[in-house]
Number of protein chains: 2
Amino acid sequence: MTDASWDRSRCSVAGTLAVVGEKWSLLVLREAFLGVRRFADLQRNLGAPKAVLTDRLATLVEQGILRREPYQADGERRRHEYRLTPKGVDLHPTLVALMQWGDKHLAEDVAPLALEHRDCGAPVRLELRCDAGHQVSGAREVRPVPRAIPVSPG
Amino acid sequence: MTDASWDRSRCSVAGTLAVVGEKWSLLVLREAFLGVRRFADLQRNLGAPKAVLTDRLATLVEQGILRREPYQADGERRRHEYRLTPKGVDLHPTLVALMQWGDKHLAEDVAPLALEHRDCGAPVRLELRCDAGHQVSGAREVRPVPRAIPVSPG
DNA sequence: CCTCCTGGGTTCGTAAAGCGAACCTTGCTC
DNA sequence: GAGCAAGGTTCGCTTTACGAACCCAGGAGG
């Protein structure tokens with residue numbers, strides 16, 4: 001029972017999923033990180049229904065994860081594109097985490113997309129570290145500590 | 001157009017989301033990482049409908065993320081509990097990433113759950129690093145490099 | 001023995017979300 | 001002024017989520 005004694009209703013995992021946990025949301029953000037910004041390109045790359053995509057984009061804009069910016073291509077009408085805000089950029093590790101898991105457990109041959117450090121070209125990966133500088137090798141080395149509104153102690 | 005030129009259908013992000021992207025799946029895993037293993041506890045903590053929970057658990061077991069293990073409590077009937085497999089444990093960074101984002105962007109006062117290094121008690125966080133040992137400060141320092149089946153070059 | 005209780009489900013009917021196809025609108029080119 | 005394309009909206013259908021009710025096994029208690 002010990003580990004159940006904190007208030008799930010304000011859990012950050014749940015909160016984040018409430019914002020980006022719907023179908024397509026994270027895939028839209030994947031595209032955003034790949035530099036895709038226009039509705040039609042998103043729609044083509046994702047294969048999502050337009051209505052759903054419209055709705056997801058609106059939600060992400062509303063949440064401050066994307067922003068809608070006007071742009072003007074040569075000899076074309078004024079349109080707008082969707083770009084990541086800093087708040088959206090902060091979701092990068094989440095996507096990397098999902099990608100790394102898929103690369104390890106789903107890839108049939110080789111990972112379809114590599115991430116490399118722009119400065120040195122070396123492959124990039126996510127790591128857990130503590131503030132004392134130790135690398136944390138796995139989940140078992142991490143202790144979750146509830147902070148808010150503990151169940152009234154006996 | 002450059003960044004759109006690889007095969008999304010085998011994207012690891014999409015693949016991972018296909019496995020754990022449904023509603024409740026990641027929250028079930030959150031509970032698993034907190035040590036919750038029994039159906040009734042999961043149901044109580046999550047507030048998910050039983051039918052959905054049953055279905056998610058079955059999917060996660062099928063996918064090799066959880067395993068169903070028999071156990072026997074004192075003076076009770078033989079039941080089974082759900083435990084993370086190594087494949088499931090590998091989803092830890094994903095949950096940490098979601099949590100960190102929520103802690104930063106949704107928390108009203110203080111993060112409801114802290115993670116600390118079991119050995120030294122220091123707070124733990126996710127970091128991007130390259131194999132050359134550099135810390136990668138943000139998404140902009142990462143270059144995505146498609147590897148599979150590029151569009152036939154002109 | 002019969003009933004209650006509890007964990008772990010299944011079965012329902014309804015409400016919401018996702019879906020593809022069709023349609024609309026704006027403003028460009030021809 | 002016809003055609004086209006981006007970026008949507010609308011529509012009807014299918015799938016999924018939902019909560020409430022029910023079921024089943026087995027130990028406890030009378």
# chains A, B, ... in the order shown; residues from 1 in each chain; ligands from 1
call {"tool": "residues_around", "arguments": {"residues": "DC18 (chain D)", "least_positions_apart": "5", "cutoff": "10 Å", "atoms": "only C-alpha atoms (C1' of nucleotides)", "output": "PDB file with all heavy atoms, in the first residue's frame"}}
result
ATOM      1  N   ALA B  48      -9.791   4.032 -13.917  1.00  0.00           N
ATOM      2  CA  ALA B  48     -10.154   3.592 -15.264  1.00  0.00           C
ATOM      3  C   ALA B  48     -11.264   2.550 -15.202  1.00  0.00           C
ATOM      4  O   ALA B  48     -11.349   1.810 -14.224  1.00  0.00           O
ATOM      5  CB  ALA B  48      -8.937   2.993 -15.956  1.00  0.00           C
ATOM      6  N   PRO B  49     -12.098   2.521 -16.216  1.00  0.00           N
ATOM      7  CA  PRO B  49     -13.121   1.479 -16.263  1.00  0.00           C
ATOM      8  C   PRO B  49     -12.469   0.090 -16.291  1.00  0.00           C
ATOM      9  O   PRO B  49     -11.451  -0.106 -16.961  1.00  0.00           O
ATOM     10  CB  PRO B  49     -13.860   1.737 -17.567  1.00  0.00           C
ATOM     11  CG  PRO B  49     -13.371   3.019 -18.093  1.00  0.00           C
ATOM     12  CD  PRO B  49     -12.177   3.449 -17.333  1.00  0.00           C
ATOM     13  N   LYS B  50     -13.064  -0.837 -15.605  1.00  0.00           N
ATOM     14  CA  LYS B  50     -12.490  -2.171 -15.520  1.00  0.00           C
ATOM     15  C   LYS B  50     -12.280  -2.809 -16.877  1.00  0.00           C
ATOM     16  O   LYS B  50     -11.243  -3.438 -17.116  1.00  0.00           O
ATOM     17  CB  LYS B  50     -13.413  -3.064 -14.696  1.00  0.00           C
ATOM     18  CG  LYS B  50     -13.423  -2.736 -13.231  1.00  0.00           C
ATOM     19  CD  LYS B  50     -14.542  -3.524 -12.542  1.00  0.00           C
ATOM     20  CE  LYS B  50     -14.041  -4.171 -11.257  1.00  0.00           C
ATOM     21  NZ  LYS B  50     -14.919  -5.240 -10.804  1.00  0.00           N
ATOM     22  N   ALA B  51     -13.226  -2.650 -17.749  1.00  0.00           N
ATOM     23  CA  ALA B  51     -13.107  -3.295 -19.055  1.00  0.00           C
ATOM     24  C   ALA B  51     -11.896  -2.780 -19.803  1.00  0.00           C
ATOM     25  O   ALA B  51     -11.158  -3.545 -20.423  1.00  0.00           O
ATOM     26  CB  ALA B  51     -14.379  -3.058 -19.872  1.00  0.00           C
ATOM     27  N   VAL B  52     -11.695  -1.477 -19.733  1.00  0.00           N
ATOM     28  CA  VAL B  52     -10.552  -0.880 -20.406  1.00  0.00           C
ATOM     29  C   VAL B  52      -9.253  -1.357 -19.768  1.00  0.00           C
ATOM     30  O   VAL B  52      -8.299  -1.736 -20.462  1.00  0.00           O
ATOM     31  CB  VAL B  52     -10.631   0.660 -20.357  1.00  0.00           C
ATOM     32  CG1 VAL B  52      -9.390   1.287 -20.955  1.00  0.00           C
ATOM     33  CG2 VAL B  52     -11.871   1.129 -21.079  1.00  0.00           C
TER      34      VAL B  52
ATOM     35  P    DT C  14     -29.186   2.596 -24.823  1.00  0.00           P
ATOM     36  OP1  DT C  14     -30.444   3.208 -24.387  1.00  0.00           O
ATOM     37  OP2  DT C  14     -29.024   2.073 -26.199  1.00  0.00           O
ATOM     38  O5'  DT C  14     -28.008   3.644 -24.532  1.00  0.00           O
ATOM     39  C5'  DT C  14     -27.857   4.154 -23.205  1.00  0.00           C
ATOM     40  C4'  DT C  14     -26.593   5.004 -23.131  1.00  0.00           C
ATOM     41  O4'  DT C  14     -25.439   4.186 -23.415  1.00  0.00           O
ATOM     42  C3'  DT C  14     -26.566   6.154 -24.139  1.00  0.00           C
ATOM     43  O3'  DT C  14     -26.156   7.324 -23.445  1.00  0.00           O
ATOM     44  C2'  DT C  14     -25.532   5.710 -25.158  1.00  0.00           C
ATOM     45  C1'  DT C  14     -24.579   4.897 -24.291  1.00  0.00           C
ATOM     46  N1   DT C  14     -23.721   3.927 -25.002  1.00  0.00           N
ATOM     47  C2   DT C  14     -22.354   3.968 -24.807  1.00  0.00           C
ATOM     48  O2   DT C  14     -21.814   4.774 -24.079  1.00  0.00           O
ATOM     49  N3   DT C  14     -21.647   3.023 -25.497  1.00  0.00           N
ATOM     50  C4   DT C  14     -22.142   2.065 -26.345  1.00  0.00           C
ATOM     51  O4   DT C  14     -21.405   1.274 -26.923  1.00  0.00           O
ATOM     52  C5   DT C  14     -23.579   2.075 -26.522  1.00  0.00           C
ATOM     53  C7   DT C  14     -24.240   1.077 -27.424  1.00  0.00           C
ATOM     54  C6   DT C  14     -24.301   2.985 -25.842  1.00  0.00           C
ATOM     55  P    DA C  15     -26.315   8.769 -24.166  1.00  0.00           P
ATOM     56  OP1  DA C  15     -27.092   9.625 -23.240  1.00  0.00           O
ATOM     57  OP2  DA C  15     -26.748   8.575 -25.574  1.00  0.00           O
ATOM     58  O5'  DA C  15     -24.809   9.286 -24.172  1.00  0.00           O
ATOM     59  C5'  DA C  15     -24.027   9.148 -22.977  1.00  0.00           C
ATOM     60  C4'  DA C  15     -22.583   9.425 -23.320  1.00  0.00           C
ATOM     61  O4'  DA C  15     -22.023   8.287 -24.016  1.00  0.00           O
ATOM     62  C3'  DA C  15     -22.377  10.638 -24.244  1.00  0.00           C
ATOM     63  O3'  DA C  15     -21.256  11.358 -23.741  1.00  0.00           O
ATOM     64  C2'  DA C  15     -22.128  10.013 -25.611  1.00  0.00           C
ATOM     65  C1'  DA C  15     -21.411   8.711 -25.223  1.00  0.00           C
ATOM     66  N9   DA C  15     -21.547   7.610 -26.170  1.00  0.00           N
ATOM     67  C8   DA C  15     -22.691   7.149 -26.762  1.00  0.00           C
ATOM     68  N7   DA C  15     -22.502   6.123 -27.561  1.00  0.00           N
ATOM     69  C5   DA C  15     -21.136   5.893 -27.494  1.00  0.00           C
ATOM     70  C6   DA C  15     -20.299   4.947 -28.116  1.00  0.00           C
ATOM     71  N6   DA C  15     -20.741   4.018 -28.965  1.00  0.00           N
ATOM     72  N1   DA C  15     -18.982   5.002 -27.832  1.00  0.00           N
ATOM     73  C2   DA C  15     -18.534   5.934 -26.971  1.00  0.00           C
ATOM     74  N3   DA C  15     -19.224   6.879 -26.330  1.00  0.00           N
ATOM     75  C4   DA C  15     -20.533   6.800 -26.639  1.00  0.00           C
ATOM     76  P    DA C  16     -20.826  12.786 -24.382  1.00  0.00           P
ATOM     77  OP1  DA C  16     -20.551  13.661 -23.225  1.00  0.00           O
ATOM     78  OP2  DA C  16     -21.807  13.169 -25.431  1.00  0.00           O
ATOM     79  O5'  DA C  16     -19.438  12.493 -25.104  1.00  0.00           O
ATOM     80  C5'  DA C  16     -18.377  11.887 -24.348  1.00  0.00           C
ATOM     81  C4'  DA C  16     -17.359  11.296 -25.289  1.00  0.00           C
ATOM     82  O4'  DA C  16     -17.954  10.263 -26.094  1.00  0.00           O
ATOM     83  C3'  DA C  16     -16.735  12.298 -26.270  1.00  0.00           C
ATOM     84  O3'  DA C  16     -15.336  12.192 -26.102  1.00  0.00           O
ATOM     85  C2'  DA C  16     -17.201  11.797 -27.646  1.00  0.00           C
ATOM     86  C1'  DA C  16     -17.353  10.307 -27.371  1.00  0.00           C
ATOM     87  N9   DA C  16     -18.232   9.562 -28.260  1.00  0.00           N
ATOM     88  C8   DA C  16     -19.553   9.790 -28.527  1.00  0.00           C
ATOM     89  N7   DA C  16     -20.078   8.930 -29.366  1.00  0.00           N
ATOM     90  C5   DA C  16     -19.026   8.080 -29.667  1.00  0.00           C
ATOM     91  C6   DA C  16     -18.930   6.957 -30.502  1.00  0.00           C
ATOM     92  N6   DA C  16     -19.946   6.488 -31.221  1.00  0.00           N
ATOM     93  N1   DA C  16     -17.730   6.325 -30.585  1.00  0.00           N
ATOM     94  C2   DA C  16     -16.708   6.811 -29.853  1.00  0.00           C
ATOM     95  N3   DA C  16     -16.674   7.855 -29.034  1.00  0.00           N
ATOM     96  C4   DA C  16     -17.876   8.454 -28.988  1.00  0.00           C
TER      97       DA C  16
END
call {"tool": "select_by_dssp", "arguments": {"residues": "region 11-151 of chain B", "states": "strand (DSSP E or B)", "output": "tab-separated table (two decimals) with all heavy atoms, in the first residue's frame"}}
result
chain	number	residue	atom	x	y	z
B	66	LEU	N	4.44	-6.27	-19.63
B	66	LEU	CA	4.13	-6.77	-18.30
B	66	LEU	C	4.07	-8.30	-18.38
B	66	LEU	O	3.84	-8.86	-19.45
B	66	LEU	CB	2.77	-6.24	-17.81
B	66	LEU	CG	2.62	-4.75	-17.60
B	66	LEU	CD1	1.18	-4.43	-17.16
B	66	LEU	CD2	3.60	-4.24	-16.56
B	67	ARG	N	4.26	-8.95	-17.24
B	67	ARG	CA	3.96	-10.37	-17.20
B	67	ARG	C	3.02	-10.64	-16.03
B	67	ARG	O	3.02	-9.94	-15.02
B	67	ARG	CB	5.22	-11.21	-17.10
B	67	ARG	CG	6.05	-10.97	-15.89
B	67	ARG	CD	7.23	-11.93	-15.87
B	67	ARG	NE	7.81	-11.95	-14.54
B	67	ARG	CZ	8.72	-11.08	-14.09
B	67	ARG	NH1	9.15	-10.12	-14.89
B	67	ARG	NH2	9.18	-11.15	-12.87
B	68	ARG	N	2.19	-11.65	-16.25
B	68	ARG	CA	1.19	-12.03	-15.28
B	68	ARG	C	1.78	-13.12	-14.41
B	68	ARG	O	2.15	-14.18	-14.92
B	68	ARG	CB	0.02	-12.62	-16.06
B	68	ARG	CG	-1.32	-12.18	-15.63
B	68	ARG	CD	-2.33	-12.82	-16.57
B	68	ARG	NE	-3.67	-12.44	-16.23
B	68	ARG	CZ	-4.68	-13.29	-16.18
B	68	ARG	NH1	-4.48	-14.56	-16.46
B	68	ARG	NH2	-5.89	-12.87	-15.88
B	69	GLU	N	1.84	-12.87	-13.10
B	69	GLU	CA	2.43	-13.86	-12.22
B	69	GLU	C	1.46	-14.26	-11.14
B	69	GLU	O	0.84	-13.40	-10.51
B	69	GLU	CB	3.68	-13.27	-11.56
B	69	GLU	CG	4.84	-13.10	-12.48
B	69	GLU	CD	6.14	-13.48	-11.78
B	69	GLU	OE1	6.23	-13.28	-10.55
B	69	GLU	OE2	7.04	-13.98	-12.47
B	70	PRO	N	1.38	-15.55	-10.89
B	70	PRO	CA	0.51	-15.99	-9.79
B	70	PRO	C	1.11	-15.61	-8.45
B	70	PRO	O	2.33	-15.53	-8.31
B	70	PRO	CB	0.48	-17.51	-9.95
B	70	PRO	CG	1.70	-17.85	-10.74
B	70	PRO	CD	2.04	-16.66	-11.57
B	71	TYR	N	0.27	-15.34	-7.50
B	71	TYR	CA	0.75	-15.11	-6.14
B	71	TYR	C	-0.35	-15.56	-5.19
B	71	TYR	O	-1.50	-15.78	-5.59
B	71	TYR	CB	1.09	-13.64	-5.90
B	71	TYR	CG	-0.12	-12.75	-5.74
B	71	TYR	CD1	-0.58	-12.41	-4.47
B	71	TYR	CD2	-0.79	-12.26	-6.85
B	71	TYR	CE1	-1.69	-11.59	-4.32
B	71	TYR	CE2	-1.90	-11.46	-6.70
B	71	TYR	CZ	-2.35	-11.13	-5.43
B	71	TYR	OH	-3.45	-10.34	-5.29
B	72	GLN	N	0.02	-15.69	-3.93
B	72	GLN	CA	-0.93	-16.20	-2.95
B	72	GLN	C	-0.79	-15.41	-1.67
B	72	GLN	O	0.22	-15.49	-0.98
B	72	GLN	CB	-0.61	-17.67	-2.67
B	72	GLN	CG	-1.50	-18.30	-1.62
B	72	GLN	CD	-2.50	-19.27	-2.22
B	72	GLN	OE1	-2.22	-19.88	-3.25
B	72	GLN	NE2	-3.64	-19.41	-1.60
B	78	ARG	N	-5.69	-17.98	-4.68
B	78	ARG	CA	-4.60	-17.77	-5.61
B	78	ARG	C	-5.03	-16.74	-6.66
B	78	ARG	O	-6.06	-16.89	-7.30
B	78	ARG	CB	-4.35	-19.11	-6.31
B	78	ARG	CG	-2.99	-19.31	-6.86
B	78	ARG	CD	-2.96	-20.76	-7.37
B	78	ARG	NE	-2.32	-20.80	-8.68
B	78	ARG	CZ	-1.00	-20.89	-8.82
B	78	ARG	NH1	-0.22	-20.93	-7.78
B	78	ARG	NH2	-0.48	-20.93	-10.04
B	79	ARG	N	-4.22	-15.71	-6.80
B	79	ARG	CA	-4.52	-14.68	-7.78
B	79	ARG	C	-3.29	-14.43	-8.62
B	79	ARG	O	-2.28	-15.13	-8.48
B	79	ARG	CB	-4.93	-13.39	-7.06
B	79	ARG	CG	-6.15	-13.59	-6.21
B	79	ARG	CD	-6.44	-12.42	-5.30
B	79	ARG	NE	-7.54	-12.75	-4.40
B	79	ARG	CZ	-8.81	-12.73	-4.74
B	79	ARG	NH1	-9.16	-12.40	-5.95
B	79	ARG	NH2	-9.75	-13.04	-3.88
B	80	HIS	N	-3.36	-13.42	-9.47
B	80	HIS	CA	-2.14	-13.09	-10.20
B	80	HIS	C	-1.93	-11.60	-10.22
B	80	HIS	O	-2.85	-10.82	-10.05
B	80	HIS	CB	-2.17	-13.67	-11.62
B	80	HIS	CG	-3.47	-13.51	-12.29
B	80	HIS	ND1	-4.41	-14.51	-12.31
B	80	HIS	CD2	-4.01	-12.47	-12.93
B	80	HIS	CE1	-5.47	-14.09	-12.96
B	80	HIS	NE2	-5.27	-12.84	-13.34
B	81	GLU	N	-0.68	-11.25	-10.38
B	81	GLU	CA	-0.35	-9.83	-10.38
B	81	GLU	C	0.44	-9.52	-11.65
B	81	GLU	O	0.91	-10.40	-12.35
B	81	GLU	CB	0.45	-9.48	-9.13
B	81	GLU	CG	1.73	-10.27	-9.00
B	81	GLU	CD	2.41	-10.00	-7.65
B	81	GLU	OE1	1.81	-9.33	-6.80
B	81	GLU	OE2	3.54	-10.46	-7.49
B	82	TYR	N	0.57	-8.24	-11.92
B	82	TYR	CA	1.22	-7.79	-13.15
B	82	TYR	C	2.54	-7.13	-12.80
B	82	TYR	O	2.59	-6.21	-12.02
B	82	TYR	CB	0.30	-6.81	-13.87
B	82	TYR	CG	-1.01	-7.44	-14.29
B	82	TYR	CD1	-2.11	-7.44	-13.45
B	82	TYR	CD2	-1.12	-8.10	-15.51
B	82	TYR	CE1	-3.29	-8.05	-13.81
B	82	TYR	CE2	-2.30	-8.71	-15.90
B	82	TYR	CZ	-3.38	-8.68	-15.04
B	82	TYR	OH	-4.55	-9.29	-15.41
B	83	ARG	N	3.60	-7.62	-13.42
B	83	ARG	CA	4.93	-7.08	-13.11
B	83	ARG	C	5.64	-6.70	-14.39
B	83	ARG	O	5.46	-7.31	-15.44
B	83	ARG	CB	5.75	-8.12	-12.36
B	83	ARG	CG	4.92	-8.82	-11.28
B	83	ARG	CD	5.79	-9.56	-10.31
B	83	ARG	NE	6.77	-8.67	-9.70
B	83	ARG	CZ	7.44	-8.98	-8.60
B	83	ARG	NH1	7.23	-10.13	-8.00
B	83	ARG	NH2	8.33	-8.14	-8.12
B	84	LEU	N	6.48	-5.71	-14.26
B	84	LEU	CA	7.23	-5.25	-15.42
B	84	LEU	C	8.25	-6.29	-15.87
B	84	LEU	O	8.95	-6.88	-15.06
B	84	LEU	CB	7.98	-3.96	-15.07
B	84	LEU	CG	7.13	-2.70	-14.92
B	84	LEU	CD1	7.91	-1.63	-14.17
B	84	LEU	CD2	6.70	-2.19	-16.28
B	113	LEU	N	5.79	14.55	-7.31
B	113	LEU	CA	6.59	13.34	-7.10
B	113	LEU	C	8.03	13.62	-7.49
B	113	LEU	O	8.30	14.08	-8.59
B	113	LEU	CB	6.03	12.19	-7.96
B	113	LEU	CG	6.68	10.82	-7.77
B	113	LEU	CD1	6.31	10.24	-6.41
B	113	LEU	CD2	6.27	9.88	-8.88
B	114	ALA	N	8.94	13.38	-6.57
B	114	ALA	CA	10.35	13.57	-6.88
B	114	ALA	C	11.00	12.21	-7.15
B	114	ALA	O	10.56	11.19	-6.62
B	114	ALA	CB	11.04	14.24	-5.71
B	115	LEU	N	12.01	12.23	-7.98
B	115	LEU	CA	12.79	11.02	-8.21
B	115	LEU	C	14.17	11.25	-7.64
B	115	LEU	O	14.82	12.24	-7.97
B	115	LEU	CB	12.88	10.73	-9.71
B	115	LEU	CG	11.55	10.52	-10.44
B	115	LEU	CD1	11.80	10.23	-11.91
B	115	LEU	CD2	10.75	9.40	-9.81
B	116	GLU	N	14.62	10.34	-6.81
B	116	GLU	CA	15.98	10.53	-6.32
B	116	GLU	C	16.82	9.28	-6.50
B	116	GLU	O	16.32	8.17	-6.56
B	116	GLU	CB	15.98	11.00	-4.86
B	116	GLU	CG	15.21	10.13	-3.90
B	116	GLU	CD	15.21	10.71	-2.48
B	116	GLU	OE1	14.90	11.93	-2.31
B	116	GLU	OE2	15.53	9.97	-1.56
B	117	HIS	N	18.11	9.53	-6.64
B	117	HIS	CA	19.07	8.45	-6.82
B	117	HIS	C	19.12	7.65	-5.52
B	117	HIS	O	19.41	8.18	-4.46
B	117	HIS	CB	20.44	9.06	-7.14
B	117	HIS	CG	21.44	8.02	-7.58
B	117	HIS	ND1	22.75	8.32	-7.81
B	117	HIS	CD2	21.30	6.70	-7.87
B	117	HIS	CE1	23.39	7.22	-8.21
B	117	HIS	NE2	22.53	6.23	-8.24
B	123	PRO	N	18.47	14.40	-6.52
B	123	PRO	CA	17.41	14.34	-7.53
B	123	PRO	C	17.96	13.85	-8.88
B	123	PRO	O	19.10	14.13	-9.24
B	123	PRO	CB	16.90	15.77	-7.63
B	123	PRO	CG	17.86	16.62	-6.89
B	123	PRO	CD	18.61	15.74	-5.96
B	124	VAL	N	17.10	13.17	-9.59
B	124	VAL	CA	17.48	12.54	-10.85
B	124	VAL	C	16.76	13.23	-11.99
B	124	VAL	O	15.64	13.66	-11.85
B	124	VAL	CB	17.08	11.04	-10.78
B	124	VAL	CG1	16.90	10.46	-12.16
B	124	VAL	CG2	18.09	10.26	-9.97
B	125	ARG	N	17.46	13.39	-13.10
B	125	ARG	CA	16.78	13.92	-14.28
B	125	ARG	C	17.35	13.31	-15.55
B	125	ARG	O	18.42	12.70	-15.54
B	125	ARG	CB	16.89	15.44	-14.30
B	125	ARG	CG	18.27	15.96	-14.42
B	125	ARG	CD	18.42	17.34	-13.83
B	125	ARG	NE	19.70	17.42	-13.14
B	125	ARG	CZ	20.88	17.21	-13.74
B	125	ARG	NH1	20.94	16.93	-15.02
B	125	ARG	NH2	22.00	17.28	-13.06
B	126	LEU	N	16.58	13.48	-16.64
B	126	LEU	CA	17.00	12.95	-17.94
B	126	LEU	C	17.91	13.95	-18.62
B	126	LEU	O	17.71	15.15	-18.54
B	126	LEU	CB	15.77	12.76	-18.83
B	126	LEU	CG	15.04	11.44	-18.74
B	126	LEU	CD1	13.91	11.45	-19.75
B	126	LEU	CD2	15.97	10.27	-19.01
B	127	GLU	N	18.89	13.42	-19.31
B	127	GLU	CA	19.82	14.26	-20.06
B	127	GLU	C	20.07	13.65	-21.42
B	127	GLU	O	20.09	12.44	-21.57
B	127	GLU	CB	21.16	14.29	-19.34
B	127	GLU	CG	21.33	15.44	-18.44
B	127	GLU	CD	22.71	15.41	-17.80
B	127	GLU	OE1	23.61	14.74	-18.33
B	127	GLU	OE2	22.86	16.07	-16.77
B	128	LEU	N	20.29	14.52	-22.38
B	128	LEU	CA	20.75	14.05	-23.69
B	128	LEU	C	22.26	14.13	-23.70
B	128	LEU	O	22.85	15.15	-23.34
B	128	LEU	CB	20.19	14.95	-24.79
B	128	LEU	CG	18.88	14.57	-25.45
B	128	LEU	CD1	18.57	15.56	-26.55
B	128	LEU	CD2	18.92	13.17	-26.00
B	129	ARG	N	22.90	13.06	-24.13
B	129	ARG	CA	24.35	13.05	-24.26
B	129	ARG	C	24.74	12.37	-25.54
B	129	ARG	O	24.05	11.49	-26.03
B	129	ARG	CB	25.00	12.28	-23.11
B	129	ARG	CG	25.15	13.11	-21.90
B	129	ARG	CD	25.94	12.43	-20.83
B	129	ARG	NE	26.08	13.42	-19.78
B	129	ARG	CZ	27.17	14.15	-19.59
B	129	ARG	NH1	28.22	13.98	-20.37
B	129	ARG	NH2	27.21	15.05	-18.64
B	130	CYS	N	25.86	12.76	-26.09
B	130	CYS	CA	26.34	12.05	-27.26
B	130	CYS	C	27.43	11.08	-26.85
B	130	CYS	O	27.95	11.16	-25.74
B	130	CYS	CB	26.84	13.01	-28.33
B	130	CYS	SG	28.46	13.70	-27.99
B	135	GLN	N	27.44	16.83	-23.24
B	135	GLN	CA	26.04	17.00	-22.91
B	135	GLN	C	25.38	17.81	-24.03
B	135	GLN	O	25.94	18.80	-24.51
B	135	GLN	CB	25.88	17.74	-21.58
B	135	GLN	CG	24.42	17.79	-21.17
B	135	GLN	CD	24.22	18.39	-19.80
B	135	GLN	OE1	25.16	18.54	-19.04
B	135	GLN	NE2	22.98	18.73	-19.50
B	136	VAL	N	24.22	17.35	-24.46
B	136	VAL	CA	23.51	18.01	-25.55
B	136	VAL	C	22.40	18.84	-24.92
B	136	VAL	O	21.49	18.31	-24.30
B	136	VAL	CB	22.92	16.97	-26.52
B	136	VAL	CG1	22.18	17.65	-27.64
B	136	VAL	CG2	24.03	16.07	-27.05
B	142	VAL	N	20.58	18.64	-32.00
B	142	VAL	CA	20.46	17.26	-32.47
B	142	VAL	C	20.04	17.26	-33.93
B	142	VAL	O	19.10	17.97	-34.31
B	142	VAL	CB	19.41	16.50	-31.63
B	142	VAL	CG1	19.22	15.10	-32.18
B	142	VAL	CG2	19.83	16.46	-30.18
B	143	ARG	N	20.76	16.50	-34.75
B	143	ARG	CA	20.40	16.39	-36.15
B	143	ARG	C	19.78	15.02	-36.40
B	143	ARG	O	20.42	14.00	-36.15
B	143	ARG	CB	21.63	16.57	-37.04
B	143	ARG	CG	21.27	16.61	-38.50
B	143	ARG	CD	22.45	16.45	-39.44
B	143	ARG	NE	23.74	16.48	-38.79
B	143	ARG	CZ	24.59	17.51	-38.88
B	143	ARG	NH1	24.28	18.57	-39.59
B	143	ARG	NH2	25.76	17.43	-38.28
B	144	PRO	N	18.54	14.98	-36.89
B	144	PRO	CA	17.92	13.71	-37.24
B	144	PRO	C	18.46	13.24	-38.59
B	144	PRO	O	18.47	14.01	-39.55
B	144	PRO	CB	16.43	14.02	-37.33
B	144	PRO	CG	16.29	15.50	-37.25
B	144	PRO	CD	17.64	16.12	-37.15
B	145	VAL	N	18.89	12.00	-38.67
B	145	VAL	CA	19.45	11.45	-39.91
B	145	VAL	C	18.70	10.20	-40.32
B	145	VAL	O	18.85	9.15	-39.70
B	145	VAL	CB	20.94	11.08	-39.70
B	145	VAL	CG1	21.55	10.59	-41.01
B	145	VAL	CG2	21.71	12.27	-39.15
B	146	PRO	N	17.88	10.31	-41.36
B	146	PRO	CA	17.15	9.13	-41.83
B	146	PRO	C	18.12	8.09	-42.36
B	146	PRO	O	19.10	8.43	-43.00
B	146	PRO	CB	16.25	9.68	-42.93
B	146	PRO	CG	16.74	11.03	-43.25
B	146	PRO	CD	17.56	11.52	-42.12
call {"tool": "select_by_dssp", "arguments": {"residues": "region 5-59 of chain B", "states": "alpha helix (DSSP H)", "output": "count of residues only"}}
result
36
call {"tool": "residues_around", "arguments": {"residues": "Phe39 (chain A)", "least_positions_apart": "2", "cutoff": "10 Å", "atoms": "only C-alpha atoms (C1' of nucleotides)", "output": "PyMOL selection string"}}
result
(chain A and resi 36-37+41-45+50+53-54+57+79-82) or (chain D and resi 6-8)
call {"tool": "closest_residue", "arguments": {"among": "A:Gly75, A:Gly47, A:Gly64, A:Gly21", "to": "chain C", "atoms": "only C-alpha atoms (C1' of nucleotides)"}}
result
A:Gly75
call {"tool": "residues_around", "arguments": {"residues": "DG29 (chain D)", "least_positions_apart": "4", "cutoff": "12 Å", "atoms": "only C-alpha atoms (C1' of nucleotides)", "output": "list in words"}}
result
DC2, DT3, DC4 and DC5 of chain C
